[in-house]
Amino acid sequence: MSVTQPPFTSHMDAALDEASAAAARGEVPVGAVLVAPDGRVVARAGNRTRELSDPTAHAEVLAIRAACAAAGSERLPGHVLYVTLEPCPFCAAVISAARIARVVYGAADPKSGGVAQGPRIFAHPQAHHVPEVIDGIAAAEAEALLKNFFAAKR
């Protein structure tokens, strides 16, 4: 199954909208959008860990759960995940388990990243599936959201 390659910035803009909404709720501003192979947005979410008192309620996981429920399947072949921040190791493992074709992310996460930083989940031989990864899309905007959010907390 081929993956439609829509303009990266349009879907990343939607992920940034989700991140802004998360910040407005007092959540760390991370947003995710999941796009089907035909280019339709099938799920979008922002972090909700505090709101739901759930440490697994990361934007990526919430979007993947919604898309899987809508598809009636635990796998999302051909789908593209847009996320404003490099996925953490937990989210990277979920992305692999869901067999997502491509991950497009904005800001790097030197402290908690799991794709290009830290444990690099997709580089492990134990990774069941390795998606294509494209980084740095709208990175400045994603970084600014995070910096402003944490500056306001201090």
# chains A, B, ... in the order shown; residues from 1 in each chain; ligands from 1
$ select_by_dssp --residues "range 5-115 of chain A" --states "strand (DSSP E)" --output "PyMOL selection string"
chain A and resi 31-35+41-46+80-85+102-107
$ residues_around --residues "range 121-135 of chain A" --least-positions-apart "3" --cutoff "8 Å" --atoms "only C-alpha atoms" --output "list in words"
Glu86, Pro89, Ala92, Ala93, Ser96, Ala97, Arg99, Ile100, Ala101, Arg102, Val103, Val104, Tyr105, Gly106, Ala107, Ala108, Gly114 and Val115 of chain A
$ closest_residue --among "A:Gly72, A:Pro55, A:Gly113, A:Pro77" --to "Val35 in chain A" --atoms "only C-alpha atoms"
A:Pro77
$ residues_around --residues "Glu27 in chain A" --least-positions-apart "4" --cutoff "9 Å" --atoms "only C-alpha atoms" --output "tab-separated table (two decimals) with N, CA and C atoms, in the first residue's frame"
chain	number	residue	atom	x	y	z
A	19	ALA	N	-1.53	21.15	19.68
A	19	ALA	CA	-0.56	21.48	20.73
A	19	ALA	C	-0.96	22.76	21.46
A	21	ALA	N	-3.99	23.93	21.78
A	21	ALA	CA	-5.17	23.60	22.59
A	21	ALA	C	-4.75	22.86	23.86
A	22	ALA	N	-3.76	22.00	23.75
A	22	ALA	CA	-3.26	21.30	24.93
A	22	ALA	C	-2.68	22.30	25.93
A	23	ALA	N	-1.91	23.25	25.45
A	23	ALA	CA	-1.33	24.28	26.34
A	23	ALA	C	-2.43	25.06	27.04
A	46	GLY	N	-4.28	16.21	21.34
A	46	GLY	CA	-3.23	16.89	22.09
A	46	GLY	C	-3.05	16.14	23.40
A	47	ASN	N	-1.94	16.41	24.05
A	47	ASN	CA	-1.71	15.76	25.34
A	47	ASN	C	-2.89	15.97	26.29
A	48	ARG	N	-3.20	14.94	27.07
A	48	ARG	CA	-4.27	15.01	28.07
A	48	ARG	C	-3.90	14.23	29.33
A	49	THR	N	-2.61	14.16	29.63
A	49	THR	CA	-2.18	13.35	30.78
A	49	THR	C	-2.73	13.88	32.10
A	50	ARG	N	-2.71	15.19	32.29
A	50	ARG	CA	-3.22	15.78	33.54
A	50	ARG	C	-4.74	15.70	33.59
A	51	GLU	N	-5.37	16.09	32.50
A	51	GLU	CA	-6.83	16.11	32.45
A	51	GLU	C	-7.42	14.73	32.74
A	149	PHE	N	5.39	27.84	26.98
A	149	PHE	CA	4.60	27.12	27.99
A	149	PHE	C	5.40	26.96	29.27
$ residues_around --residues "Thr9 in chain A" --least-positions-apart "6" --cutoff "12 Å" --atoms "only C-alpha atoms" --output "PyMOL selection string"
chain A and resi 15-16+33+82-84+104-106+135-139+141
$ write_last_selection --atoms "all heavy atoms" --output "compact mmCIF listing (two decimals), in the first residue's frame"
# COMPACT_ATOMS: atom_id res chain seq x y z
N ALA A 15 -1.44 19.77 13.69
CA ALA A 15 -0.83 19.25 14.92
C ALA A 15 -0.45 20.40 15.85
O ALA A 15 -0.62 20.29 17.08
CB ALA A 15 0.40 18.40 14.57
N LEU A 16 0.04 21.49 15.29
CA LEU A 16 0.37 22.67 16.11
C LEU A 16 -0.89 23.25 16.75
O LEU A 16 -0.85 23.70 17.90
CB LEU A 16 1.08 23.72 15.27
CG LEU A 16 2.53 23.40 14.90
CD1 LEU A 16 3.01 24.28 13.77
CD2 LEU A 16 3.43 23.53 16.12
N VAL A 33 -1.54 14.47 14.63
CA VAL A 33 -2.57 14.27 13.62
C VAL A 33 -2.21 13.00 12.86
O VAL A 33 -1.06 12.82 12.45
CB VAL A 33 -2.64 15.48 12.66
CG1 VAL A 33 -3.58 15.20 11.50
CG2 VAL A 33 -3.07 16.73 13.41
N TYR A 82 1.72 12.88 12.17
CA TYR A 82 2.38 14.17 12.32
C TYR A 82 2.33 14.52 13.79
O TYR A 82 1.26 14.50 14.40
CB TYR A 82 1.63 15.25 11.52
CG TYR A 82 1.74 15.05 10.04
CD1 TYR A 82 0.91 14.15 9.37
CD2 TYR A 82 2.68 15.76 9.30
CE1 TYR A 82 1.02 13.96 8.01
CE2 TYR A 82 2.79 15.58 7.93
CZ TYR A 82 1.96 14.67 7.30
OH TYR A 82 2.08 14.48 5.94
N VAL A 83 3.46 14.85 14.38
CA VAL A 83 3.50 15.20 15.80
C VAL A 83 4.48 16.34 15.99
O VAL A 83 5.51 16.43 15.32
CB VAL A 83 3.83 13.96 16.67
CG1 VAL A 83 5.17 13.36 16.33
CG2 VAL A 83 3.70 14.25 18.14
N THR A 84 4.15 17.24 16.90
CA THR A 84 4.94 18.47 17.06
C THR A 84 6.27 18.25 17.76
O THR A 84 7.18 19.05 17.62
CB THR A 84 4.13 19.53 17.82
OG1 THR A 84 3.73 19.01 19.09
CG2 THR A 84 2.91 19.95 17.01
N VAL A 104 6.25 12.09 10.99
CA VAL A 104 6.77 13.42 10.67
C VAL A 104 6.69 14.23 11.96
O VAL A 104 5.61 14.37 12.52
CB VAL A 104 5.92 14.10 9.57
CG1 VAL A 104 6.46 15.49 9.26
CG2 VAL A 104 5.87 13.24 8.32
N TYR A 105 7.83 14.69 12.45
CA TYR A 105 7.77 15.47 13.69
C TYR A 105 8.52 16.77 13.57
O TYR A 105 9.35 16.97 12.69
CB TYR A 105 8.23 14.65 14.90
CG TYR A 105 9.70 14.31 15.00
CD1 TYR A 105 10.60 15.21 15.56
CD2 TYR A 105 10.18 13.08 14.59
CE1 TYR A 105 11.95 14.88 15.70
CE2 TYR A 105 11.51 12.74 14.73
CZ TYR A 105 12.38 13.64 15.28
OH TYR A 105 13.72 13.32 15.41
N GLY A 106 8.16 17.67 14.50
CA GLY A 106 8.74 19.01 14.50
C GLY A 106 10.00 19.12 15.32
O GLY A 106 11.11 18.91 14.83
N ASP A 135 12.05 14.56 10.19
CA ASP A 135 12.07 15.45 11.35
C ASP A 135 12.29 16.90 10.95
O ASP A 135 12.60 17.19 9.80
CB ASP A 135 13.13 15.00 12.36
CG ASP A 135 14.55 15.10 11.81
OD1 ASP A 135 14.73 15.36 10.61
OD2 ASP A 135 15.48 14.92 12.59
N GLY A 136 12.06 17.78 11.91
CA GLY A 136 12.35 19.19 11.71
C GLY A 136 11.27 19.99 11.00
O GLY A 136 11.48 21.16 10.69
N ILE A 137 10.10 19.40 10.75
CA ILE A 137 9.03 20.12 10.07
C ILE A 137 8.33 21.05 11.07
O ILE A 137 7.83 20.59 12.09
CB ILE A 137 8.01 19.15 9.43
CG1 ILE A 137 8.70 18.16 8.49
CG2 ILE A 137 6.90 19.91 8.73
CD1 ILE A 137 9.44 18.78 7.33
N ALA A 138 8.35 22.34 10.80
CA ALA A 138 7.80 23.36 11.71
C ALA A 138 8.43 23.28 13.10
O ALA A 138 7.78 23.56 14.10
CB ALA A 138 6.27 23.26 11.79
N ALA A 139 9.69 22.93 13.13
CA ALA A 139 10.39 22.77 14.41
C ALA A 139 10.42 24.07 15.21
O ALA A 139 10.21 24.05 16.43
CB ALA A 139 11.82 22.27 14.18
N GLU A 141 8.31 26.55 15.29
CA GLU A 141 7.00 26.82 15.88
C GLU A 141 6.72 25.90 17.06
O GLU A 141 6.22 26.34 18.10
CB GLU A 141 5.89 26.67 14.82
CG GLU A 141 5.97 27.69 13.71
CD GLU A 141 6.80 27.22 12.51
OE1 GLU A 141 7.75 26.40 12.68
OE2 GLU A 141 6.53 27.69 11.39
$ atom_distance --atom1 "CA of Asp38 in chain A" --atom2 "CA of Pro87 in chain A"
23.8 Å
$ atom_distance --atom1 "CA of Ala116 in chain A" --atom2 "CA of His58 in chain A"
18.3 Å
$ atom_distance --atom1 "CA of Val41 in chain A" --atom2 "CA of Ser53 in chain A"
26.7 Å
$ closest_residue --among "A:Gly31, A:Val61, A:Cys91, A:Leu85" --to "Asp109 in chain A" --atoms "only C-alpha atoms"
A:Leu85
